[in-house]
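Colleague: This one is query25.cif, mmCIF, C-alpha atoms.
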```
data_input
loop_
_atom_site.label_atom_id
_atom_site.label_comp_id
_atom_site.auth_asym_id
_atom_site.auth_seq_id
_atom_site.Cartn_x
_atom_site.Cartn_y
_atom_site.Cartn_z
CA MET M 1 -14.02 -10.06 28.05
CA ARG M 2 -15.99 -8.31 25.31
CA SER M 3 -19.71 -8.98 25.15
CA ALA M 4 -20.96 -10.50 21.91
CA LYS M 5 -23.65 -7.80 21.88
CA ASP M 6 -20.94 -5.16 21.47
CA PHE M 7 -19.17 -6.80 18.55
CA PHE M 8 -21.08 -4.82 15.93
CA ALA M 9 -21.04 -1.49 17.80
CA PRO M 10 -18.79 1.29 16.45
CA LEU M 11 -15.42 1.46 18.20
CA ALA M 12 -15.38 5.26 18.20
CA VAL M 13 -18.00 7.94 18.71
CA GLY M 14 -19.22 9.05 15.28
CA ALA M 15 -17.73 6.11 13.40
CA PRO M 16 -19.97 4.23 10.94
CA THR M 17 -21.78 1.12 12.12
CA PRO M 18 -19.82 -2.06 11.32
CA LEU M 19 -21.18 -4.34 8.62
CA ARG M 20 -22.91 -7.56 9.63
CA GLU M 21 -22.13 -9.18 6.29
CA ILE M 22 -19.20 -8.53 3.96
CA PRO M 23 -20.43 -7.48 0.50
CA THR M 24 -19.74 -9.98 -2.27
CA ARG M 25 -17.92 -7.98 -4.93
CA PRO M 26 -15.94 -9.53 -7.79
CA SER M 27 -12.24 -9.45 -6.99
CA ARG M 28 -10.69 -11.99 -9.32
CA ALA M 29 -7.54 -9.93 -9.77
CA ILE M 30 -6.06 -7.57 -7.20
CA HIS M 31 -3.68 -5.62 -9.41
CA PHE M 32 -0.75 -4.03 -7.60
CA PHE M 33 0.77 -0.72 -8.67
CA ASP M 34 3.46 1.48 -7.17
CA PRO M 35 2.00 4.97 -6.64
CA SER M 36 5.52 6.42 -6.43
CA ASN M 37 6.15 5.36 -10.03
CA PRO M 38 4.69 8.05 -12.35
CA LYS M 39 4.44 5.65 -15.31
CA MET M 40 2.45 3.11 -13.28
CA ALA M 41 0.25 5.78 -11.73
CA ALA M 42 -0.53 7.25 -15.15
CA LYS M 43 -1.96 3.92 -16.33
CA VAL M 44 -4.50 3.68 -13.50
CA PRO M 45 -7.34 5.74 -15.07
CA ASP M 46 -7.36 3.53 -18.18
CA MET M 47 -7.61 0.39 -16.04
CA VAL M 48 -10.79 1.41 -14.22
CA GLY M 49 -13.55 -0.95 -15.33
CA SER M 50 -11.13 -3.50 -16.77
CA VAL M 51 -9.87 -4.97 -13.49
CA ASP M 52 -11.83 -5.77 -10.34
CA VAL M 53 -9.37 -4.27 -7.83
CA LEU M 54 -6.54 -1.76 -8.13
CA LEU M 55 -4.21 -1.76 -5.13
CA GLY M 56 -1.81 1.04 -4.34
CA ASN M 57 1.17 -0.73 -2.81
CA LEU M 58 3.04 1.15 -0.09
CA GLU M 59 4.95 -1.78 1.42
CA ASP M 60 7.33 -4.30 -0.15
CA ALA M 61 8.71 -3.33 -3.58
CA VAL M 62 8.66 0.35 -2.53
CA LYS M 63 12.10 1.51 -1.40
CA ALA M 64 12.41 3.24 1.96
CA ASP M 65 13.22 6.60 0.41
CA ASN M 66 10.10 6.34 -1.80
CA LYS M 67 7.62 5.57 0.99
CA LEU M 68 6.36 9.12 1.41
CA ALA M 69 6.14 9.62 -2.36
CA ALA M 70 4.12 6.42 -2.69
CA ARG M 71 1.68 7.49 0.01
CA GLN M 72 1.16 10.92 -1.52
CA GLY M 73 1.00 9.40 -4.98
CA LEU M 74 -1.86 7.17 -3.91
CA VAL M 75 -3.75 10.17 -2.54
CA GLU M 76 -3.34 11.93 -5.89
CA VAL M 77 -4.37 8.85 -7.89
CA ALA M 78 -7.51 8.40 -5.81
CA ARG M 79 -8.48 12.05 -6.05
CA GLY M 80 -7.74 12.31 -9.75
CA THR M 81 -9.23 9.08 -11.10
CA GLU M 82 -12.92 9.18 -11.89
CA GLY M 83 -14.89 6.07 -10.99
CA LEU M 84 -12.16 4.48 -8.87
CA GLY M 85 -13.16 3.20 -5.45
CA GLY M 86 -16.34 3.38 -3.41
CA PRO M 87 -19.37 1.10 -3.22
CA ASP M 88 -20.67 1.91 -6.71
CA SER M 89 -17.37 1.75 -8.57
CA PRO M 90 -16.69 -0.95 -11.18
CA THR M 91 -13.14 -1.12 -9.80
CA GLN M 92 -12.41 -1.19 -6.09
CA LEU M 93 -9.52 0.79 -4.60
CA TRP M 94 -7.39 -1.08 -2.07
CA THR M 95 -4.06 -0.28 -0.49
CA ARG M 96 -1.39 -2.37 1.18
CA VAL M 97 -0.01 -0.26 4.01
CA ASN M 98 3.35 -0.78 5.60
CA ALA M 99 3.72 -3.25 8.45
CA LEU M 100 2.41 -2.20 11.84
CA ASP M 101 5.91 -2.36 13.34
CA SER M 102 7.40 -0.14 10.62
CA PRO M 103 8.06 3.62 10.83
CA TRP M 104 5.41 4.24 8.14
CA GLY M 105 2.38 2.09 8.99
CA LEU M 106 0.66 4.55 11.36
CA ASP M 107 1.08 7.52 9.02
CA ASP M 108 -0.16 5.44 6.08
CA LEU M 109 -3.47 4.87 7.86
CA THR M 110 -3.91 8.38 9.27
CA THR M 111 -3.16 10.01 5.92
CA LEU M 112 -5.17 7.73 3.64
CA VAL M 113 -8.31 7.48 5.76
CA THR M 114 -8.60 11.20 6.41
CA GLU M 115 -7.73 12.27 2.86
CA ILE M 116 -9.24 9.57 0.59
CA GLY M 117 -11.25 7.42 2.98
CA ASP M 118 -14.42 7.92 0.95
CA ARG M 119 -12.73 6.21 -2.03
CA LEU M 120 -10.82 3.54 -0.13
CA ASP M 121 -12.57 0.16 0.01
CA VAL M 122 -10.06 -2.13 1.72
CA VAL M 123 -6.84 -1.77 3.69
CA MET M 124 -4.50 -4.74 3.32
CA VAL M 125 -2.37 -5.29 6.42
CA PRO M 126 0.87 -7.26 5.99
CA LYS M 127 2.46 -9.76 8.37
CA VAL M 128 -0.56 -10.11 10.66
CA GLN M 129 0.44 -12.24 13.63
CA GLY M 130 -2.79 -12.52 15.59
CA ALA M 131 -6.09 -10.93 16.53
CA GLU M 132 -4.29 -8.17 18.46
CA ASP M 133 -3.02 -6.69 15.19
CA ILE M 134 -6.54 -6.55 13.77
CA HIS M 135 -7.90 -5.06 17.03
CA TYR M 136 -5.35 -2.25 16.79
CA VAL M 137 -6.21 -1.44 13.18
CA ASP M 138 -9.94 -1.79 13.90
CA ARG M 139 -9.95 0.83 16.66
CA LEU M 140 -7.65 3.19 14.79
CA LEU M 141 -9.77 3.04 11.63
CA ALA M 142 -12.91 3.79 13.65
CA GLN M 143 -11.31 6.89 15.14
CA LEU M 144 -10.09 8.07 11.76
CA GLU M 145 -13.44 7.38 10.08
CA ALA M 146 -15.17 9.49 12.73
CA LYS M 147 -12.64 12.27 12.23
CA ALA M 148 -13.13 12.16 8.45
CA GLY M 149 -16.94 11.96 8.70
CA LEU M 150 -17.13 8.73 6.71
CA ASP M 151 -20.50 6.99 6.46
CA ARG M 152 -19.26 3.47 5.64
CA PRO M 153 -16.56 1.38 7.30
CA ILE M 154 -13.29 0.66 5.51
CA LEU M 155 -12.67 -3.08 5.43
CA VAL M 156 -9.51 -4.93 6.46
CA HIS M 157 -7.66 -7.66 4.59
CA ALA M 158 -4.86 -9.59 6.29
CA ILE M 159 -1.86 -11.24 4.66
CA LEU M 160 -0.70 -14.56 6.12
CA GLU M 161 3.08 -14.30 6.02
CA THR M 162 4.23 -15.84 9.29
CA ALA M 163 3.96 -19.20 11.00
CA ARG M 164 2.33 -17.51 13.99
CA GLY M 165 -0.23 -15.92 11.72
CA MET M 166 -1.07 -19.31 10.25
CA VAL M 167 -1.46 -20.87 13.69
CA ASN M 168 -3.80 -17.99 14.64
CA VAL M 169 -5.66 -17.91 11.31
CA GLU M 170 -9.11 -18.63 12.78
CA GLU M 171 -8.91 -15.91 15.41
CA ILE M 172 -7.60 -13.44 12.83
CA CYS M 173 -10.59 -14.11 10.60
CA GLY M 174 -13.01 -13.52 13.48
CA ALA M 175 -11.22 -10.56 15.08
CA SER M 176 -13.40 -7.79 13.63
CA PRO M 177 -16.55 -7.20 11.55
CA ARG M 178 -14.21 -5.31 9.20
CA MET M 179 -12.42 -8.47 8.11
CA GLN M 180 -12.90 -8.78 4.35
CA GLY M 181 -10.51 -11.62 3.64
CA LEU M 182 -7.06 -13.16 3.73
CA SER M 183 -4.27 -13.54 1.21
CA LEU M 184 -1.42 -16.01 1.18
CA GLY M 185 2.02 -14.39 1.36
CA PRO M 186 4.18 -17.32 0.24
CA ALA M 187 7.63 -15.71 0.15
CA ASP M 188 7.65 -14.27 3.68
CA LEU M 189 5.84 -17.33 5.03
CA ALA M 190 8.43 -19.62 3.45
CA ALA M 191 11.22 -17.63 5.10
CA ASP M 192 9.49 -17.61 8.49
CA ARG M 193 8.89 -21.36 8.32
CA ARG M 194 12.49 -21.89 7.18
CA MET M 195 11.28 -23.65 4.05
CA LYS M 196 14.08 -24.35 1.59
CA THR M 197 12.72 -22.51 -1.45
CA THR M 198 13.51 -19.12 -2.94
CA ARG M 199 10.44 -19.00 -5.19
CA VAL M 200 7.55 -16.55 -4.78
CA GLY M 201 4.64 -18.98 -4.88
CA GLY M 202 4.24 -22.03 -7.05
CA GLY M 203 5.59 -25.54 -6.67
CA HIS M 204 9.12 -26.85 -6.46
CA PRO M 205 10.70 -29.66 -8.52
CA GLY M 206 12.26 -31.12 -5.38
CA TYR M 207 8.89 -31.47 -3.64
CA LEU M 208 7.60 -34.56 -5.41
CA VAL M 209 6.24 -38.10 -5.26
CA ARG M 210 7.84 -40.95 -7.17
CA GLN M 211 6.22 -43.94 -8.79
CA ASP M 212 6.77 -47.21 -6.91
CA PRO M 213 9.32 -49.65 -8.35
CA LEU M 214 7.98 -52.72 -10.11
CA SER M 215 9.63 -54.88 -7.44
CA SER M 216 12.01 -54.56 -4.52
CA SER M 217 14.95 -55.82 -6.56
CA PRO M 218 17.94 -53.44 -6.73
CA GLU M 219 17.55 -53.23 -10.50
CA ASP M 220 13.91 -52.10 -10.33
CA VAL M 221 14.60 -49.68 -7.46
CA ALA M 222 17.40 -48.07 -9.44
CA ARG M 223 15.43 -47.96 -12.70
CA GLU M 224 14.11 -44.55 -13.78
CA ARG M 225 10.57 -43.96 -12.50
CA ALA M 226 8.02 -41.24 -13.13
CA THR M 227 7.89 -38.34 -10.69
CA HIS M 228 5.19 -35.74 -10.09
CA GLN M 229 5.84 -32.27 -8.73
CA GLN M 230 3.70 -31.40 -5.71
CA ASP M 231 2.14 -28.15 -4.46
CA LEU M 232 4.00 -26.69 -1.48
CA TRP M 233 0.99 -24.55 -0.57
CA HIS M 234 -1.89 -27.01 -0.67
CA TYR M 235 -2.23 -27.37 3.11
CA THR M 236 -1.83 -23.66 3.77
CA ILE M 237 -4.42 -22.58 1.20
CA ALA M 238 -6.92 -25.22 2.34
CA ARG M 239 -6.60 -24.15 5.97
CA MET M 240 -6.95 -20.50 5.01
CA VAL M 241 -10.06 -21.27 2.94
CA ASP M 242 -11.68 -23.12 5.84
CA ALA M 243 -11.02 -20.27 8.25
CA CYS M 244 -12.45 -17.72 5.84
CA ALA M 245 -15.53 -19.81 5.05
CA MET M 246 -16.21 -20.29 8.75
CA HIS M 247 -16.29 -16.50 9.28
CA GLY M 248 -18.00 -15.46 6.05
CA ILE M 249 -15.00 -13.69 4.53
CA PHE M 250 -12.98 -14.30 1.37
CA PRO M 251 -9.71 -16.20 0.70
CA TYR M 252 -7.20 -15.20 -1.99
CA TYR M 253 -4.08 -16.66 -3.44
CA GLY M 254 -1.21 -14.17 -3.28
CA PRO M 255 1.62 -13.41 -5.71
CA PHE M 256 3.10 -15.66 -8.38
CA GLY M 257 6.56 -14.24 -8.89
CA ASP M 258 7.66 -15.84 -12.16
CA ILE M 259 6.02 -13.36 -14.52
CA ALA M 260 7.34 -15.12 -17.65
CA ASP M 261 5.92 -18.56 -16.74
CA VAL M 262 2.28 -17.89 -17.57
CA VAL M 263 1.50 -21.62 -17.77
CA ALA M 264 2.59 -22.41 -14.21
CA CYS M 265 0.94 -19.19 -13.05
CA GLU M 266 -2.38 -20.32 -14.49
CA ASP M 267 -2.00 -23.75 -12.90
CA GLN M 268 -1.33 -22.24 -9.46
CA PHE M 269 -4.26 -19.84 -9.77
CA ARG M 270 -6.56 -22.70 -10.82
CA ASN M 271 -5.50 -24.84 -7.86
CA ALA M 272 -6.43 -21.98 -5.55
CA PHE M 273 -9.75 -21.42 -7.37
CA LEU M 274 -10.71 -25.09 -7.11
CA LEU M 275 -9.87 -25.09 -3.40
CA GLY M 276 -12.20 -22.14 -2.78
CA CYS M 277 -10.24 -18.92 -3.32
CA VAL M 278 -12.13 -16.09 -4.99
CA GLY M 279 -9.19 -14.24 -6.51
CA THR M 280 -5.47 -13.63 -6.56
CA TRP M 281 -2.84 -10.92 -6.87
CA SER M 282 -1.62 -9.59 -10.19
CA LEU M 283 1.94 -8.28 -10.33
CA HIS M 284 1.96 -7.66 -14.10
CA PRO M 285 -0.83 -6.79 -16.54
CA LYS M 286 -0.48 -10.19 -18.28
CA GLN M 287 -1.55 -11.87 -15.02
CA ILE M 288 -4.85 -9.95 -14.96
CA ALA M 289 -6.18 -11.85 -17.97
CA ILE M 290 -5.07 -15.14 -16.42
CA ALA M 291 -6.82 -14.34 -13.14
CA HIS M 292 -10.03 -13.23 -14.88
CA ARG M 293 -10.08 -16.44 -16.90
CA VAL M 294 -9.27 -18.79 -14.02
CA PHE M 295 -11.46 -17.22 -11.32
CA SER M 296 -14.49 -17.08 -13.61
CA PRO M 297 -16.31 -20.43 -13.91
CA ALA M 298 -16.07 -21.99 -17.35
CA PRO M 299 -19.28 -21.57 -19.40
CA GLU M 300 -19.72 -25.34 -19.73
CA ASP M 301 -19.48 -25.72 -15.92
CA VAL M 302 -22.07 -22.98 -15.45
CA ALA M 303 -24.35 -24.67 -17.99
CA HIS M 304 -24.12 -27.98 -16.14
CA ALA M 305 -24.76 -26.28 -12.81
CA ARG M 306 -27.85 -24.60 -14.24
CA ARG M 307 -29.13 -27.96 -15.50
CA VAL M 308 -28.75 -29.47 -12.04
CA VAL M 309 -30.53 -26.55 -10.38
CA GLU M 310 -33.36 -26.80 -12.90
CA ALA M 311 -33.67 -30.58 -12.54
CA MET M 312 -33.58 -30.59 -8.73
CA GLY M 313 -36.74 -28.51 -8.37
CA ASP M 314 -37.35 -28.05 -4.64
CA GLY M 315 -33.88 -29.37 -3.84
CA THR M 316 -34.95 -32.65 -2.26
CA GLY M 317 -34.47 -36.19 -3.48
CA ALA M 318 -32.13 -37.18 -6.30
CA VAL M 319 -32.14 -37.15 -10.10
CA MET M 320 -30.03 -38.77 -12.81
CA LEU M 321 -28.33 -36.50 -15.35
CA ASP M 322 -26.00 -37.88 -18.01
CA GLY M 323 -25.70 -41.12 -16.06
CA LYS M 324 -24.66 -39.39 -12.83
CA MET M 325 -26.63 -39.03 -9.62
CA GLU M 326 -27.33 -35.47 -8.48
CA ASP M 327 -28.77 -34.80 -5.01
CA ASP M 328 -29.03 -31.98 -2.48
CA ALA M 329 -25.26 -31.90 -1.98
CA SER M 330 -24.78 -31.59 -5.74
CA LEU M 331 -27.31 -28.77 -5.78
CA LYS M 332 -25.39 -26.83 -3.12
CA GLN M 333 -22.20 -27.12 -5.16
CA CYS M 334 -24.00 -26.03 -8.32
CA LEU M 335 -25.60 -23.04 -6.60
CA VAL M 336 -22.12 -21.79 -5.69
CA MET M 337 -21.21 -21.90 -9.39
CA VAL M 338 -24.45 -20.27 -10.60
CA GLU M 339 -24.33 -17.48 -8.01
CA LEU M 340 -20.72 -16.67 -8.89
CA ALA M 341 -21.58 -16.59 -12.59
CA GLU M 342 -24.43 -14.15 -11.90
CA GLN M 343 -22.19 -11.87 -9.83
CA LEU M 344 -19.51 -11.80 -12.51
CA SER M 345 -22.04 -11.30 -15.30
CA ALA M 346 -23.17 -8.10 -13.59
CA VAL M 347 -19.71 -6.52 -14.01
CA ASP M 348 -18.31 -8.33 -17.07
CA PRO M 349 -20.52 -7.96 -20.17
CA GLU M 350 -18.31 -10.22 -22.30
CA LEU M 351 -18.51 -12.99 -19.71
CA LYS M 352 -22.27 -12.54 -19.43
CA GLN M 353 -22.58 -12.99 -23.18
CA ARG M 354 -20.63 -16.26 -23.01
CA TYR M 355 -22.73 -17.57 -20.13
CA ASP M 356 -26.00 -16.59 -21.83
CA ALA M 357 -24.90 -18.11 -25.14
CA ILE M 358 -24.41 -21.54 -23.65
CA GLY M 359 -27.58 -21.42 -21.51
CA THR M 360 -28.03 -24.71 -19.74
CA GLY M 361 -26.20 -26.64 -22.43
CA ALA M 362 -29.35 -28.68 -23.06
#
```
Can you dump the structure from the file as structure tokens?
Modeller:
Amino acid sequence: MRSAKDFFAPLAVGAPTPLREIPTRPSRAIHFFDPSNPKMAAKVPDMVGSVDVLLGNLEDAVKADNKLAARQGLVEVARGTEGLGGPDSPTQLWTRVNALDSPWGLDDLTTLVTEIGDRLDVVMVPKVQGAEDIHYVDRLLAQLEAKAGLDRPILVHAILETARGMVNVEEICGASPRMQGLSLGPADLAADRRMKTTRVGGGHPGYLVRQDPLSSSPEDVARERATHQQDLWHYTIARMVDACAMHGIFPYYGPFGDIADVVACEDQFRNAFLLGCVGTWSLHPKQIAIAHRVFSPAPEDVAHARRVVEAMGDGTGAVMLDGKMEDDASLKQCLVMVELAEQLSAVDPELKQRYDAIGTGA
């Protein structure tokens, strides 16, 4: 048994002290790029400052014979891109390493931490099954940080892609002070659960509810009735959000694979935002704008939240605004919105201008 007093002690001699609180940094869009693709890598410098997170992907979507090129390509991108990564950067640098049971996962970590660890903010670990996977990465990162002489810990982000991982989601979130957050991996999770869908995220037309018939007569039962498509991922995202909130880390929606269907993509992102997610993955540049729009509170919502905060004064009692009762619970909800708007305003001048222009809407 590990003493609670030791939880925030470095796991290797010379490693940086673990964080007691995960920094809140805007991460509305985690934009994936393949470092083994020269065209993609060449676009990275121009994207610094225009997207919250750039993630060098070493795992899925990188062919086996390109794994080494992708790893080295990420090293070169990090070294050659000014302003990318680190605590003061407008754009964080993340990577998704290969799975821990793959031939490449160990070398991904040893290479990246020792060569670009000072620029690397977060390591995304795929197919996390339980706390034991995080414990392994935690200790290894501490050893590598000590070897590289790093003065800040690299954080860990887990992808929920297996049924076992979902069952163990709470212990995964609490496995290490490095835990930054979780992402939903819908395609692998669907396969592991044996769900009957081949989509990468989003709903399914066969997963629906149907309007009741007007009566139990055969004619009414057979008559055409309205149907409504349901969200396959509602339970999973809600459970993930609860686990993250409990441990003070951040939940994210994962990929939306239908790049052409920007309308459904925006709907799925908004569902995740309303449930508590702070960001999502972007697989194509057109999804960045969608994520920035969806995961930034609407100016009119921020204005209303500011009005409630202003009207509530010391936060006790209740007030009436526009015919609706607002009390301490309302205030807590509104403070979430106002604090997020302030954080985003600090990194997005255009958004700040929109929030300032609407004020409190009074």
Colleague: Would you list the contacts of Gly83 in chain M as a PDB file with C-alpha atoms, keeping the file's coordinate frame, taking every protein, DNA or RNA residue within 12 Å and counting all atoms listed in the file, but skipping same-chain residues closer than 5 positions in sequence?
Modeller:
```
ATOM      1  CA  VAL M  44      -4.500   3.680 -13.500  1.00  0.00           C
ATOM      2  CA  PRO M  45      -7.340   5.740 -15.070  1.00  0.00           C
ATOM      3  CA  ASP M  46      -7.360   3.530 -18.180  1.00  0.00           C
ATOM      4  CA  MET M  47      -7.610   0.390 -16.040  1.00  0.00           C
ATOM      5  CA  VAL M  48     -10.790   1.410 -14.220  1.00  0.00           C
ATOM      6  CA  GLY M  49     -13.550  -0.950 -15.330  1.00  0.00           C
ATOM      7  CA  SER M  50     -11.130  -3.500 -16.770  1.00  0.00           C
ATOM      8  CA  LEU M  54      -6.540  -1.760  -8.130  1.00  0.00           C
ATOM      9  CA  VAL M  77      -4.370   8.850  -7.890  1.00  0.00           C
ATOM     10  CA  ALA M  78      -7.510   8.400  -5.810  1.00  0.00           C
ATOM     11  CA  ASP M  88     -20.670   1.910  -6.710  1.00  0.00           C
ATOM     12  CA  SER M  89     -17.370   1.750  -8.570  1.00  0.00           C
ATOM     13  CA  PRO M  90     -16.690  -0.950 -11.180  1.00  0.00           C
ATOM     14  CA  THR M  91     -13.140  -1.120  -9.800  1.00  0.00           C
ATOM     15  CA  GLN M  92     -12.410  -1.190  -6.090  1.00  0.00           C
ATOM     16  CA  LEU M  93      -9.520   0.790  -4.600  1.00  0.00           C
ATOM     17  CA  ARG M 119     -12.730   6.210  -2.030  1.00  0.00           C
ATOM     18  CA  LEU M 120     -10.820   3.540  -0.130  1.00  0.00           C
TER      19      LEU M 120
END
```
Colleague: State, in Å with one decimal place, the distance from CA of Glu76 in chain M to CA of Leu283 in chain M.
Modeller: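 Rounded to one decimal, the two atoms are 21.4 Å apart.
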Colleague: Once the PyMOL selection byres ((chain M and resi 117) around 10) is applied to the coordinates I shared, what remains selected? I want it as a list in words.
Modeller: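 The output of the PyMOL selection byres ((chain M and resi 117) around 10) on this file is Val75, Ala78, Gly85, Gly86, Leu109, Thr110, Thr111, Leu112, Val113, Thr114, Glu115, Ile116, Asp118, Arg119, Leu120, Asp121, Val122, Leu141, Leu144, Glu145, Ala148, Gly149, Leu150, Asp151, Arg152, Pro153 and Ile154 of chain M.
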Colleague: Which residues are close to Gln343 in chain M, i.e. within 9 Å by all atoms listed in the file, leaving aside same-chain residues fewer than 5 positions away? Reply as an MDAnalysis selection string.
Modeller: chainID M and resid 24:26 338 348
Colleague: How close does each residue of range 1-95 of chain M get to range 255-258 of chain M, giving the shortest atom pair and distance in Å to one decimal for every residue with an atom at most 12 Å away, counting all atoms listed in the file, sorted by chain and residue number, as a Markdown table?
Modeller:
```
| residue | atom | partner | partner_atom | distance |
| --- | --- | --- | --- | --- |
| M:Ala29 | CA | M:Pro255 | CA | 10.6 |
| M:Ile30 | CA | M:Pro255 | CA | 9.8 |
| M:His31 | CA | M:Pro255 | CA | 10.1 |
| M:Phe32 | CA | M:Pro255 | CA | 9.9 |
```
Colleague: Can you list what the PyMOL selection byres ((chain M and resi 210) around 8) grabs from this structure, as a ChimeraX atom specification?
Modeller: /M:208-209,211-212,225-228
Colleague: Enumerate, as a VMD selection string, the residues matched when the PyMOL selection byres ((chain M and resi 133) around 12) is run on the file above.
Modeller: chain M and resid 99 to 101 125 to 132 134 to 140 156 to 159 165 168 171 to 173 175 to 176 179
Colleague: Got a sec: who's within 6 Å of range 276-280 of chain M, counting only C-alpha atoms, leaving out chain neighbours fewer than 2 positions off, as a PyMOL selection string?
Modeller: chain M and resi 27-29+251-254+272-274
Colleague: Neighbours of Arg223 in chain M within 8 Å (only C-alpha atoms; same-chain residues fewer than 3 positions away dropped), as a PDB file with C-alpha atoms, in the coordinates of the input?
Modeller:
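Final file, around.pdb:
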```pdb
ATOM      1  CA  PRO M 213       9.320 -49.650  -8.350  1.00  0.00           C
ATOM      2  CA  GLU M 219      17.550 -53.230 -10.500  1.00  0.00           C
ATOM      3  CA  ASP M 220      13.910 -52.100 -10.330  1.00  0.00           C
TER       4      ASP M 220
END
```
Colleague: Residues within 9 Å of Cys244 in chain M, please, as a PyMOL selection string. Count only C-alpha atoms; anything in the same chain fewer than 3 positions from it doesn't count.
Modeller: chain M and resi 169-170+173-174+181-182+239-241+247-251
Colleague: Report the distance between CA of Glu161 in chain M and CA of Ala190 in chain M in Å, rounded to one decimal place.
Modeller: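 Answer for the CA of Glu161 in chain M to CA of Ala190 in chain M separation: 8.0 Å.
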Colleague: Could you work out how far CA of His234 in chain M lies from CA of Gly203 in chain M, giving the answer in Å with one decimal?
Modeller: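 If I compute the distance from CA of Gly203 in chain M to CA of His234 in chain M, I get 9.7 Å.
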Colleague: Compare M:Ala311, M:Ala264, M:Met325, M:Leu344 by their minimum atom-to-atom distance to Gln229 in chain M, counting only C-alpha atoms, and give me the closest one.
Modeller: M:Ala264
Colleague: Report the centre and edge lengths, in Å to one decimal, of an axis-aligned box enclosing every atom of range 88-94 of chain M listed in the file, padded by 4 Å on each side, as AutoDock Vina command-line options.
Modeller:
```
--center_x -14.0 --center_y 0.4 --center_z -6.6 --size_x 21.3 --size_y 11.1 --size_z 17.1
```
Colleague: Quick one: of M:Leu106, M:Phe33, M:Val221, M:Tyr235, who's nearest to Met166 in chain M, counting only C-alpha atoms?
Modeller: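 Among the listed residues, the smallest separation from Met166 in chain M belongs to M:Tyr235.
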Colleague: Ranking M:Arg178, M:His292, M:Lys324, M:Arg194 by minimum distance to Thr17 in chain M and counting all atoms listed in the file, which one comes first?
Modeller: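 Closest residue, counting all atoms listed in the file: M:Arg178.
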Colleague: Given all atoms listed in the file as the basis, pick out the residue of M:Leu189, M:Ala289, M:Ala41, M:Ala4 nearest to Asn57 in chain M.
Modeller: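 Closest to Asn57 in chain M of all the choices is M:Ala41.
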Colleague: Using all atoms listed in the file, which of the listed residues (M:Gly73, M:Glu300, M:Ala318, M:Asp65) sits closest to Ala42 in chain M?
Modeller: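 Nearest candidate to Ala42 in chain M out of M:Gly73, M:Glu300, M:Ala318, M:Asp65: M:Gly73.
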